[in-house]
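A.B. asks: This is start07.cif (mmCIF, C-alpha atoms).
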```cif
data_model
#
loop_
_atom_site.label_atom_id
_atom_site.label_comp_id
_atom_site.auth_asym_id
_atom_site.auth_seq_id
_atom_site.Cartn_x
_atom_site.Cartn_y
_atom_site.Cartn_z
CA MET A 1 10.86 16.44 11.67
CA ALA A 2 8.66 19.31 12.69
CA GLU A 3 10.52 22.59 12.98
CA SER A 4 8.45 25.35 11.33
CA ALA A 5 6.86 22.54 9.36
CA VAL A 6 3.72 24.17 8.10
CA ARG A 7 4.32 27.87 8.66
CA GLY A 8 2.91 29.79 5.70
CA GLN A 9 0.85 26.81 4.47
CA ASP A 10 -1.96 26.61 7.00
CA SER A 11 -4.59 27.96 4.62
CA ILE A 12 -3.44 26.05 1.54
CA ARG A 13 -5.10 22.77 0.71
CA GLU A 14 -2.60 20.27 -0.56
CA GLN A 15 -5.21 18.63 -2.76
CA ASP A 16 -5.72 21.94 -4.56
CA ARG A 17 -2.06 22.70 -4.89
CA PHE A 18 -0.45 19.36 -5.66
CA GLY A 19 -1.14 16.34 -7.81
CA PRO A 20 -2.80 15.83 -11.18
CA ARG A 21 -5.80 17.88 -12.29
CA GLY A 22 -8.35 17.75 -15.02
CA ASP A 23 -7.35 15.37 -17.78
CA ASP A 24 -3.84 14.80 -16.43
CA VAL A 25 -3.10 11.10 -15.95
CA THR A 26 -0.52 10.03 -13.40
CA ARG A 27 0.36 6.38 -13.72
CA ILE A 28 3.29 6.13 -11.31
CA ALA A 29 4.14 8.32 -8.33
CA ILE A 30 6.90 8.19 -5.75
CA GLY A 31 6.13 9.67 -2.36
CA VAL A 32 8.92 10.74 -0.04
CA ASP A 33 9.05 11.49 3.68
CA CYS A 34 12.32 13.34 4.25
CA GLY A 35 13.49 14.39 7.70
CA GLY A 36 16.80 15.65 8.94
CA THR A 37 18.09 12.13 9.60
CA LYS A 38 16.26 9.74 7.29
CA ALA A 39 14.36 9.77 4.02
CA ARG A 40 11.82 7.11 3.06
CA ALA A 41 10.21 6.61 -0.35
CA VAL A 42 7.27 4.59 -1.66
CA ALA A 43 6.53 3.94 -5.33
CA MET A 44 2.83 3.52 -6.14
CA ASP A 45 0.69 2.99 -9.23
CA ALA A 46 -2.54 4.76 -10.11
CA SER A 47 -4.69 2.13 -8.39
CA GLY A 48 -2.93 2.76 -5.08
CA GLN A 49 -0.87 -0.42 -5.28
CA GLU A 50 2.50 -0.14 -3.56
CA LEU A 51 5.31 -1.17 -5.91
CA GLY A 52 8.49 -0.69 -3.90
CA ARG A 53 10.18 1.08 -1.00
CA ALA A 54 13.55 2.52 -0.06
CA GLN A 55 15.25 4.35 2.79
CA GLY A 56 18.30 6.58 2.88
CA PRO A 57 19.89 9.61 4.54
CA GLY A 58 17.70 12.69 4.98
CA ALA A 59 18.16 16.45 4.91
CA VAL A 60 16.28 19.59 5.91
CA ALA A 61 14.87 21.96 3.29
CA THR A 62 16.52 25.38 3.34
CA ALA A 63 16.45 28.27 0.90
CA ALA A 64 20.18 28.81 1.33
CA GLU A 65 21.20 25.24 0.47
CA PRO A 66 18.29 23.54 -1.33
CA GLY A 67 20.57 21.07 -3.06
CA ALA A 68 21.05 18.92 0.04
CA ALA A 69 17.34 18.13 0.43
CA ALA A 70 16.86 17.72 -3.32
CA ALA A 71 19.78 15.30 -3.50
CA ALA A 72 18.48 13.26 -0.55
CA VAL A 73 15.04 13.01 -2.15
CA ALA A 74 16.45 12.12 -5.57
CA ALA A 75 18.69 9.40 -4.13
CA VAL A 76 15.91 7.66 -2.20
CA CYS A 77 13.61 7.97 -5.24
CA ARG A 78 16.17 6.19 -7.40
CA ASP A 79 16.45 3.39 -4.84
CA ALA A 80 12.66 3.07 -4.64
CA ALA A 81 12.49 2.87 -8.43
CA VAL A 82 15.06 0.05 -8.41
CA SER A 83 13.05 -1.75 -5.71
CA ALA A 84 9.91 -1.43 -7.84
CA GLY A 85 11.59 -2.34 -11.12
CA LEU A 86 10.78 1.07 -12.58
CA THR A 87 12.63 3.17 -15.12
CA LEU A 88 13.08 6.85 -14.33
CA PRO A 89 11.67 9.38 -14.74
CA VAL A 90 8.33 8.42 -13.20
CA ASP A 91 5.28 10.63 -13.67
CA VAL A 92 5.43 12.52 -10.38
CA VAL A 93 7.38 12.80 -7.14
CA TRP A 94 5.66 14.33 -4.10
CA ALA A 95 8.18 14.99 -1.35
CA GLY A 96 7.26 15.98 2.18
CA ILE A 97 10.39 17.54 3.66
CA THR A 98 11.17 18.94 7.08
CA GLY A 99 11.62 22.71 6.77
CA ALA A 100 9.55 23.04 3.59
CA GLY A 101 6.86 25.01 5.40
CA ARG A 102 8.83 28.12 4.56
CA GLU A 103 7.85 29.17 1.05
CA ALA A 104 11.37 30.21 0.05
CA ALA A 105 12.78 26.83 1.07
CA ARG A 106 9.95 24.89 -0.57
CA SER A 107 10.29 26.69 -3.89
CA ALA A 108 14.09 26.40 -3.93
CA VAL A 109 14.05 22.64 -3.29
CA GLU A 110 11.27 22.12 -5.81
CA ARG A 111 13.30 23.88 -8.50
CA GLU A 112 16.35 21.74 -7.70
CA LEU A 113 14.30 18.56 -7.67
CA SER A 114 12.59 19.39 -10.96
CA ASP A 115 16.01 19.36 -12.62
CA GLY A 116 17.00 16.05 -11.06
CA GLY A 117 15.57 13.74 -13.70
CA VAL A 118 13.64 11.46 -11.34
CA ALA A 119 10.14 12.59 -12.36
CA ARG A 120 8.37 14.56 -15.04
CA ALA A 121 6.69 16.61 -12.29
CA ALA A 122 8.12 17.29 -8.84
CA HIS A 123 6.15 18.76 -5.95
CA VAL A 124 7.46 19.67 -2.50
CA GLY A 125 5.34 20.00 0.62
CA THR A 126 5.86 19.33 4.31
CA ASP A 127 6.40 16.08 6.14
CA VAL A 128 3.47 17.13 8.31
CA HIS A 129 1.06 17.26 5.34
CA ALA A 130 2.31 13.87 4.15
CA ALA A 131 1.70 12.25 7.54
CA PHE A 132 -1.71 13.92 7.91
CA HIS A 133 -2.80 12.73 4.47
CA ASP A 134 -1.85 9.15 5.31
CA ALA A 135 -4.14 9.30 8.34
CA PHE A 136 -7.08 11.40 7.14
CA GLY A 137 -6.88 11.98 3.40
CA ALA A 138 -8.84 15.16 2.70
CA GLY A 139 -10.99 14.69 5.81
CA PRO A 140 -10.90 16.32 9.26
CA GLY A 141 -8.67 15.35 12.15
CA ALA A 142 -5.63 16.36 14.14
CA LEU A 143 -2.00 15.28 13.97
CA LEU A 144 0.60 15.65 16.71
CA ILE A 145 4.25 15.07 15.90
CA ALA A 146 6.90 14.83 18.61
CA GLY A 147 10.41 13.79 17.75
CA THR A 148 13.41 16.07 17.78
CA GLY A 149 10.87 18.93 17.51
CA SER A 150 7.11 19.18 18.02
CA ILE A 151 4.04 20.48 16.20
CA ALA A 152 0.28 19.94 16.05
CA TYR A 153 -1.68 20.34 12.82
CA GLY A 154 -5.34 19.89 12.05
CA ARG A 155 -8.20 20.26 9.58
CA ALA A 156 -11.70 21.21 10.71
CA GLU A 157 -14.94 19.68 9.50
CA ASP A 158 -15.50 22.75 7.32
CA GLY A 159 -12.02 22.49 5.79
CA ARG A 160 -10.23 25.16 7.83
CA GLU A 161 -6.64 24.28 8.65
CA GLY A 162 -4.39 25.34 11.50
CA ARG A 163 -1.29 24.53 13.48
CA VAL A 164 0.09 24.94 16.98
CA GLY A 165 3.82 24.88 17.71
CA GLY A 166 6.45 24.22 15.09
CA TRP A 167 8.35 27.34 16.18
CA GLY A 168 11.76 25.70 16.36
CA HIS A 169 14.03 24.89 19.25
CA HIS A 170 15.03 28.47 20.05
CA ILE A 171 11.53 29.56 21.10
CA GLY A 172 9.40 26.42 20.86
CA ASP A 173 9.53 22.61 20.46
CA GLU A 174 7.92 22.04 23.85
CA GLY A 175 7.43 18.37 24.65
CA SER A 176 10.06 17.32 22.13
CA ALA A 177 13.16 15.19 22.58
CA TYR A 178 15.22 18.36 22.32
CA ALA A 179 13.24 20.00 25.12
CA MET A 180 13.67 16.91 27.30
CA GLY A 181 17.41 16.76 26.66
CA ARG A 182 17.84 20.48 27.34
CA GLU A 183 15.91 20.23 30.62
CA ALA A 184 17.97 17.19 31.66
CA LEU A 185 21.12 19.29 31.29
CA ARG A 186 19.61 22.12 33.33
CA ARG A 187 18.41 19.87 36.13
CA ALA A 188 21.76 18.08 36.26
CA ALA A 189 23.55 21.41 36.66
CA ARG A 190 21.21 22.42 39.48
CA ALA A 191 21.78 19.09 41.22
CA VAL A 192 25.57 19.57 41.07
CA ASP A 193 25.17 23.07 42.54
CA GLY A 194 22.88 21.89 45.30
CA ARG A 195 20.11 24.17 43.97
CA GLY A 196 18.03 21.18 42.96
CA SER A 197 17.27 17.65 44.04
CA LYS A 198 19.76 14.88 43.41
CA THR A 199 19.25 12.94 40.21
CA THR A 200 20.88 10.01 38.47
CA LEU A 201 20.81 12.12 35.33
CA VAL A 202 24.13 13.69 36.35
CA ASP A 203 26.06 10.42 36.10
CA ASP A 204 23.96 9.28 33.13
CA ILE A 205 24.85 12.40 31.14
CA LEU A 206 28.55 12.24 32.02
CA LEU A 207 28.68 8.59 30.99
CA GLU A 208 26.75 9.18 27.75
CA LEU A 209 29.03 12.05 26.71
CA GLY A 210 32.23 10.39 27.89
CA VAL A 211 33.25 13.33 30.09
CA SER A 212 34.17 13.64 33.76
CA SER A 213 32.43 16.80 34.97
CA MET A 214 29.59 19.22 34.28
CA ASP A 215 32.23 21.75 33.25
CA ASP A 216 33.04 19.37 30.39
CA VAL A 217 29.32 19.19 29.59
CA VAL A 218 29.24 22.97 29.20
CA THR A 219 32.09 22.73 26.69
CA TRP A 220 30.23 19.99 24.80
CA ARG A 221 26.98 21.95 24.79
CA ALA A 222 28.64 24.99 23.19
CA THR A 223 28.95 23.10 19.89
CA ALA A 224 26.29 20.39 20.24
CA SER A 225 23.63 20.25 17.55
CA LYS A 226 19.90 20.14 18.14
CA GLY A 227 19.95 16.44 17.34
CA GLU A 228 22.75 15.75 19.80
CA VAL A 229 20.83 17.44 22.62
CA ALA A 230 17.67 15.55 21.61
CA ALA A 231 19.64 12.29 21.80
CA LEU A 232 19.78 12.76 25.59
CA ALA A 233 16.00 12.24 25.86
CA PRO A 234 16.28 8.43 26.20
CA LEU A 235 18.38 9.01 29.34
CA VAL A 236 15.38 10.83 30.81
CA THR A 237 12.86 8.14 29.94
CA ALA A 238 15.16 5.38 31.24
CA ALA A 239 15.79 7.24 34.51
CA ALA A 240 12.07 7.94 34.88
CA ALA A 241 11.30 4.24 34.44
CA ALA A 242 13.90 3.46 37.12
CA GLY A 243 12.17 5.80 39.56
CA ASP A 244 14.25 9.00 39.38
CA MET A 245 11.88 11.77 40.44
CA ILE A 246 13.57 14.55 38.48
CA ALA A 247 13.41 12.49 35.30
CA ARG A 248 9.75 11.77 35.99
CA GLU A 249 9.08 15.49 36.34
CA ILE A 250 10.76 16.19 33.00
CA GLN A 251 8.81 13.42 31.26
CA GLY A 252 5.55 14.48 32.86
CA LYS A 253 6.05 18.08 31.74
CA ALA A 254 6.72 16.89 28.17
CA VAL A 255 3.43 14.94 28.12
CA GLU A 256 1.59 17.97 29.51
CA ASP A 257 3.08 20.25 26.85
CA LEU A 258 2.11 17.87 24.05
CA GLU A 259 -1.44 17.56 25.36
CA ARG A 260 -1.69 21.36 25.30
CA HIS A 261 -0.63 21.35 21.64
CA VAL A 262 -3.54 19.05 20.78
CA VAL A 263 -6.11 20.91 22.87
CA ALA A 264 -5.06 24.26 21.42
CA VAL A 265 -5.26 23.18 17.78
CA LEU A 266 -8.67 21.58 18.33
CA GLU A 267 -9.98 24.71 20.03
CA LYS A 268 -8.64 26.80 17.17
CA LEU A 269 -10.52 24.67 14.61
CA GLY A 270 -13.74 24.05 16.53
CA PRO A 271 -16.56 23.70 17.10
CA TRP A 272 -16.69 19.97 16.31
CA SER A 273 -19.88 18.00 15.82
CA LYS A 274 -18.11 14.98 17.32
CA ALA A 275 -14.77 14.45 19.01
CA PRO A 276 -12.07 14.34 16.32
CA THR A 277 -9.50 11.58 15.99
CA VAL A 278 -5.91 12.46 16.87
CA ALA A 279 -3.03 10.84 14.98
CA LEU A 280 0.39 10.58 16.63
CA ALA A 281 3.75 10.54 14.88
CA GLY A 282 7.44 11.08 15.58
CA GLY A 283 9.94 9.08 17.57
CA LEU A 284 8.43 9.87 20.96
CA LEU A 285 4.86 9.05 19.92
CA ARG A 286 4.92 6.21 17.40
CA PRO A 287 4.02 2.73 18.75
CA GLY A 288 6.68 1.89 21.32
CA GLY A 289 7.64 5.56 21.71
CA ALA A 290 8.43 6.70 25.24
CA LEU A 291 5.62 9.24 25.52
CA ARG A 292 2.90 7.53 23.49
CA ASP A 293 1.13 5.61 26.28
CA PRO A 294 1.12 8.41 28.89
CA LEU A 295 -0.09 10.88 26.27
CA ILE A 296 -2.88 8.54 25.15
CA ARG A 297 -4.00 8.32 28.77
CA SER A 298 -4.02 12.12 28.99
CA LEU A 299 -5.97 12.50 25.74
CA SER A 300 -8.51 9.89 26.83
CA ARG A 301 -9.37 12.15 29.74
CA GLN A 302 -10.19 14.79 27.09
CA LEU A 303 -12.53 12.18 25.49
CA LEU A 304 -10.31 12.08 22.39
CA THR A 305 -9.68 8.98 20.29
CA VAL A 306 -6.18 8.21 19.02
CA PHE A 307 -5.66 6.96 15.46
CA GLY A 308 -4.99 3.25 15.73
CA ARG A 309 -1.93 2.55 13.59
CA ASP A 310 1.56 3.84 13.00
CA LEU A 311 1.57 6.50 10.31
CA ASP A 312 3.35 6.09 6.98
CA PRO A 313 4.08 9.61 5.68
CA ALA A 314 5.81 8.35 2.54
CA LEU A 315 2.62 6.48 1.63
CA GLY A 316 0.62 9.64 2.27
CA ALA A 317 3.00 11.56 0.01
CA ALA A 318 2.56 9.03 -2.79
CA LYS A 319 -1.22 9.33 -2.52
CA LEU A 320 -0.92 13.11 -2.69
CA GLY A 321 1.11 12.73 -5.86
CA LEU A 322 -1.56 10.52 -7.39
CA GLY A 323 -4.42 12.69 -6.16
CA LEU A 324 -5.84 9.84 -4.11
CA GLY A 325 -7.88 10.40 -0.98
CA ARG A 326 -9.62 13.58 -2.17
CA GLY A 327 -13.18 14.64 -1.46
CA GLY A 328 -13.10 13.66 2.18
CA SER A 329 -12.16 10.01 1.66
CA ARG A 330 -9.71 8.47 4.09
CA PRO A 331 -7.09 6.31 2.40
#
```
Please lay out the structure from this file as structure tokens.
C.D. replies:
Amino acid sequence: MAESAVRGQDSIREQDRFGPRGDDVTRIAIGVDCGGTKARAVAMDASGQELGRAQGPGAVATAAEPGAAAAAVAAVCRDAAVSAGLTLPVDVVWAGITGAGREAARSAVERELSDGGVARAAHVGTDVHAAFHDAFGAGPGALLIAGTGSIAYGRAEDGREGRVGGWGHHIGDEGSAYAMGREALRRAARAVDGRGSKTTLVDDILLELGVSSMDDVVTWRATASKGEVAALAPLVTAAAAAGDMIAREIQGKAVEDLERHVVAVLEKLGPWSKAPTVALAGGLLRPGGALRDPLIRSLSRQLLTVFGRDLDPALGAAKLGLGLGRGGSRP
């Protein structure tokens, strides 16, 4: 969800850039949260009443192949319209898409989506902005996302915006599921060599991949995608819960890295007149997520309060499309 999610957009206010202005009247909007795996859409009327929802396959925004993300957004919008009993085109679609932090990708997908016939106006932003808007509207706060990737994003009391992380899996994504899966592979290899402590992760990884040796794991890793490596993270959390010390070290390091994301973005945007609220999102941090509770304990030691409910980025995207939640209000 988070790779390079807001690069190039830190200083741009979404309420200034997107949504109706002046005398424009938007009666119906569809908001979309589109990640690499799933896309979710919410149809909403001008009063903020939810009309219908849909879910479908996702895609990442890229400048080279913008059609994939545009098609994923258009498909889930059509399903949401059917759920709401609406006839297309609606007034506006606001789509928060993974990868749309790069201006070239954002513009390319927006052009494709504008020709798709689902809305009279189509706007593309990031999934990070959509999630943040659901939590804080146009007000201050901080958002940490940890799923396949990781990123922290915030808005100061004076309106300044900033991010930490979001650099992608080659040089960043600390604390993410990808980072946990990658470290599990490294620690398993060390254990097989005798350079590291024994760990149940060796047998867990072999069983999960259906192979018989770490040599086979090397062959698998040569073509494995980021998502496939990230899918090993549950092996770490399960082994940690069962008492494996290496798995506990990996999980503990992930929590530490995510806490540093939050602290860094808050320091960048300070000073604060009062401790800001921190919203958590992504598979590792949503309610029931493997790292949510230990991270909340770490943040509480920083005297930080965690936003109380699961975030709904598609709802935030719909509100952005309608221009709701401006002027510091918190929808």
A.B. asks: When you look at stretch 280-287 of chain A with a cut-off of 6 Å (counting only C-alpha atoms), what residues show up, excluding the ones that are within fewer than 4 positions of it in the same chain? I need them as number ranges by chain.
C.D. replies: A: 143-147, 291-292
A.B. asks: Which value, in Å to one decimal, gives the distance between atom CA of A:Asp215 and atom CA of A:Pro234?
C.D. replies: 21.9 Å
A.B. asks: Running the PyMOL selection byres ((chain A and resi 176-187) around 8) on this model by hand, what would come out? Give it as a PyMOL selection string.
C.D. replies: chain A and resi 146-150+169+173-175+188-191+196+201+205+226-227+229-233+236+246-247+250-251+254+284
A.B. asks: Since I can't run it myself right now, could you work out what the PyMOL selection byres ((chain A and resi 159) around 10) selects here and report it as a list in words?
C.D. replies: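 Taken on the displayed file, the PyMOL selection byres ((chain A and resi 159) around 10) yields the residues Ser11, Arg13, Ala138, Gly139, Pro140, Gly154, Arg155, Ala156, Glu157, Asp158, Arg160, Glu161, Gly162, Leu269 and Gly328 of chain A.
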A.B. asks: Tell me which residues the PyMOL selection byres ((chain A and resi 46) around 7) grabs here, as a PyMOL selection string.
C.D. replies: chain A and resi 26-28+44-45+47-48+322
A.B. asks: Expressed in Å to a single decimal, how great is the separation between atom CA of A:Val73 and atom CA of A:Gly99?
C.D. replies: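 A separation of 13.6 Å between them.
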A.B. asks: Could you tell me how far atom CA of A:Glu259 lies from atom CA of A:Ala241, in Å and to one decimal?
C.D. replies: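 A separation of 20.5 Å between them.
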A.B. asks: (14.0, 21.3, -3.8) in this file's frame - what residues fall within 9 Å of it? Use only C-alpha atoms and give the answer as JSON, numbers by chain.
C.D. replies: {"A": [61, 62, 63, 66, 67, 68, 69, 70, 71, 73, 95, 100, 105, 106, 107, 108, 109, 110, 111, 112, 113, 114, 122, 123, 124]}
A.B. asks: Find the residue from A:Val217, A:Ala135, A:Ala224, A:Ala275 that sits nearest to A:Asp310; use all atoms listed in the file when measuring.
C.D. replies: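 Using all atoms listed in the file, A:Asp310 sits closest to A:Ala135.
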A.B. asks: Build an axis-aligned box that encloses every atom of stretch 249-263 of chain A listed in the file, pad it by 4 Å on each side, and report its centre and edge lengths in Å to one decimal, as lines of an AutoDock Vina configuration file.
C.D. replies:
```
center_x = 2.3
center_y = 17.4
center_z = 28.6
size_x = 24.9
size_y = 15.9
size_z = 23.6
```
A.B. asks: Please provide the set of residues having any atom within 6 Å of A:Arg53, restricted to all atoms listed in the file, with same-chain residues fewer than 4 positions apart removed, written as a ChimeraX atom specification.
C.D. replies: /A:41-42,80
A.B. asks: If we count all atoms listed in the file and set the cut-off at 7 Å, which residues sit around A:Ala84, ignoring sequence neighbours fewer than 3 positions away in its own chain? Please answer as a count of residues only.
C.D. replies: 5
A.B. asks: Could you pull out every residue with an atom within 12 Å of (-1.0, 9.7, 5.7), file coordinates, counting only C-alpha atoms, and send them as a PyMOL selection string?
C.D. replies: chain A and resi 31-33+96+126-139+141-143+279-281+307+309-320+324-325+329-331
A.B. asks: Include C-alpha atoms and write out the residues we just selected as a PDB file, in the coordinates of the input.
C.D. replies:
```
ATOM      1  CA  GLY A  31       6.130   9.670  -2.360  1.00  0.00           C
ATOM      2  CA  VAL A  32       8.920  10.740  -0.040  1.00  0.00           C
ATOM      3  CA  ASP A  33       9.050  11.490   3.680  1.00  0.00           C
ATOM      4  CA  GLY A  96       7.260  15.980   2.180  1.00  0.00           C
ATOM      5  CA  THR A 126       5.860  19.330   4.310  1.00  0.00           C
ATOM      6  CA  ASP A 127       6.400  16.080   6.140  1.00  0.00           C
ATOM      7  CA  VAL A 128       3.470  17.130   8.310  1.00  0.00           C
ATOM      8  CA  HIS A 129       1.060  17.260   5.340  1.00  0.00           C
ATOM      9  CA  ALA A 130       2.310  13.870   4.150  1.00  0.00           C
ATOM     10  CA  ALA A 131       1.700  12.250   7.540  1.00  0.00           C
ATOM     11  CA  PHE A 132      -1.710  13.920   7.910  1.00  0.00           C
ATOM     12  CA  HIS A 133      -2.800  12.730   4.470  1.00  0.00           C
ATOM     13  CA  ASP A 134      -1.850   9.150   5.310  1.00  0.00           C
ATOM     14  CA  ALA A 135      -4.140   9.300   8.340  1.00  0.00           C
ATOM     15  CA  PHE A 136      -7.080  11.400   7.140  1.00  0.00           C
ATOM     16  CA  GLY A 137      -6.880  11.980   3.400  1.00  0.00           C
ATOM     17  CA  ALA A 138      -8.840  15.160   2.700  1.00  0.00           C
ATOM     18  CA  GLY A 139     -10.990  14.690   5.810  1.00  0.00           C
ATOM     19  CA  GLY A 141      -8.670  15.350  12.150  1.00  0.00           C
ATOM     20  CA  ALA A 142      -5.630  16.360  14.140  1.00  0.00           C
ATOM     21  CA  LEU A 143      -2.000  15.280  13.970  1.00  0.00           C
ATOM     22  CA  ALA A 279      -3.030  10.840  14.980  1.00  0.00           C
ATOM     23  CA  LEU A 280       0.390  10.580  16.630  1.00  0.00           C
ATOM     24  CA  ALA A 281       3.750  10.540  14.880  1.00  0.00           C
ATOM     25  CA  PHE A 307      -5.660   6.960  15.460  1.00  0.00           C
ATOM     26  CA  ARG A 309      -1.930   2.550  13.590  1.00  0.00           C
ATOM     27  CA  ASP A 310       1.560   3.840  13.000  1.00  0.00           C
ATOM     28  CA  LEU A 311       1.570   6.500  10.310  1.00  0.00           C
ATOM     29  CA  ASP A 312       3.350   6.090   6.980  1.00  0.00           C
ATOM     30  CA  PRO A 313       4.080   9.610   5.680  1.00  0.00           C
ATOM     31  CA  ALA A 314       5.810   8.350   2.540  1.00  0.00           C
ATOM     32  CA  LEU A 315       2.620   6.480   1.630  1.00  0.00           C
ATOM     33  CA  GLY A 316       0.620   9.640   2.270  1.00  0.00           C
ATOM     34  CA  ALA A 317       3.000  11.560   0.010  1.00  0.00           C
ATOM     35  CA  ALA A 318       2.560   9.030  -2.790  1.00  0.00           C
ATOM     36  CA  LYS A 319      -1.220   9.330  -2.520  1.00  0.00           C
ATOM     37  CA  LEU A 320      -0.920  13.110  -2.690  1.00  0.00           C
ATOM     38  CA  LEU A 324      -5.840   9.840  -4.110  1.00  0.00           C
ATOM     39  CA  GLY A 325      -7.880  10.400  -0.980  1.00  0.00           C
ATOM     40  CA  SER A 329     -12.160  10.010   1.660  1.00  0.00           C
ATOM     41  CA  ARG A 330      -9.710   8.470   4.090  1.00  0.00           C
ATOM     42  CA  PRO A 331      -7.090   6.310   2.400  1.00  0.00           C
TER      43      PRO A 331
END
```
A.B. asks: Which one is closest to A:Val255: A:Pro294, A:Pro271, A:Gly194, A:Gly58? Count only C-alpha atoms.
C.D. replies: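 Comparing A:Pro294, A:Pro271, A:Gly194, A:Gly58 against A:Val255, the winner is A:Pro294.
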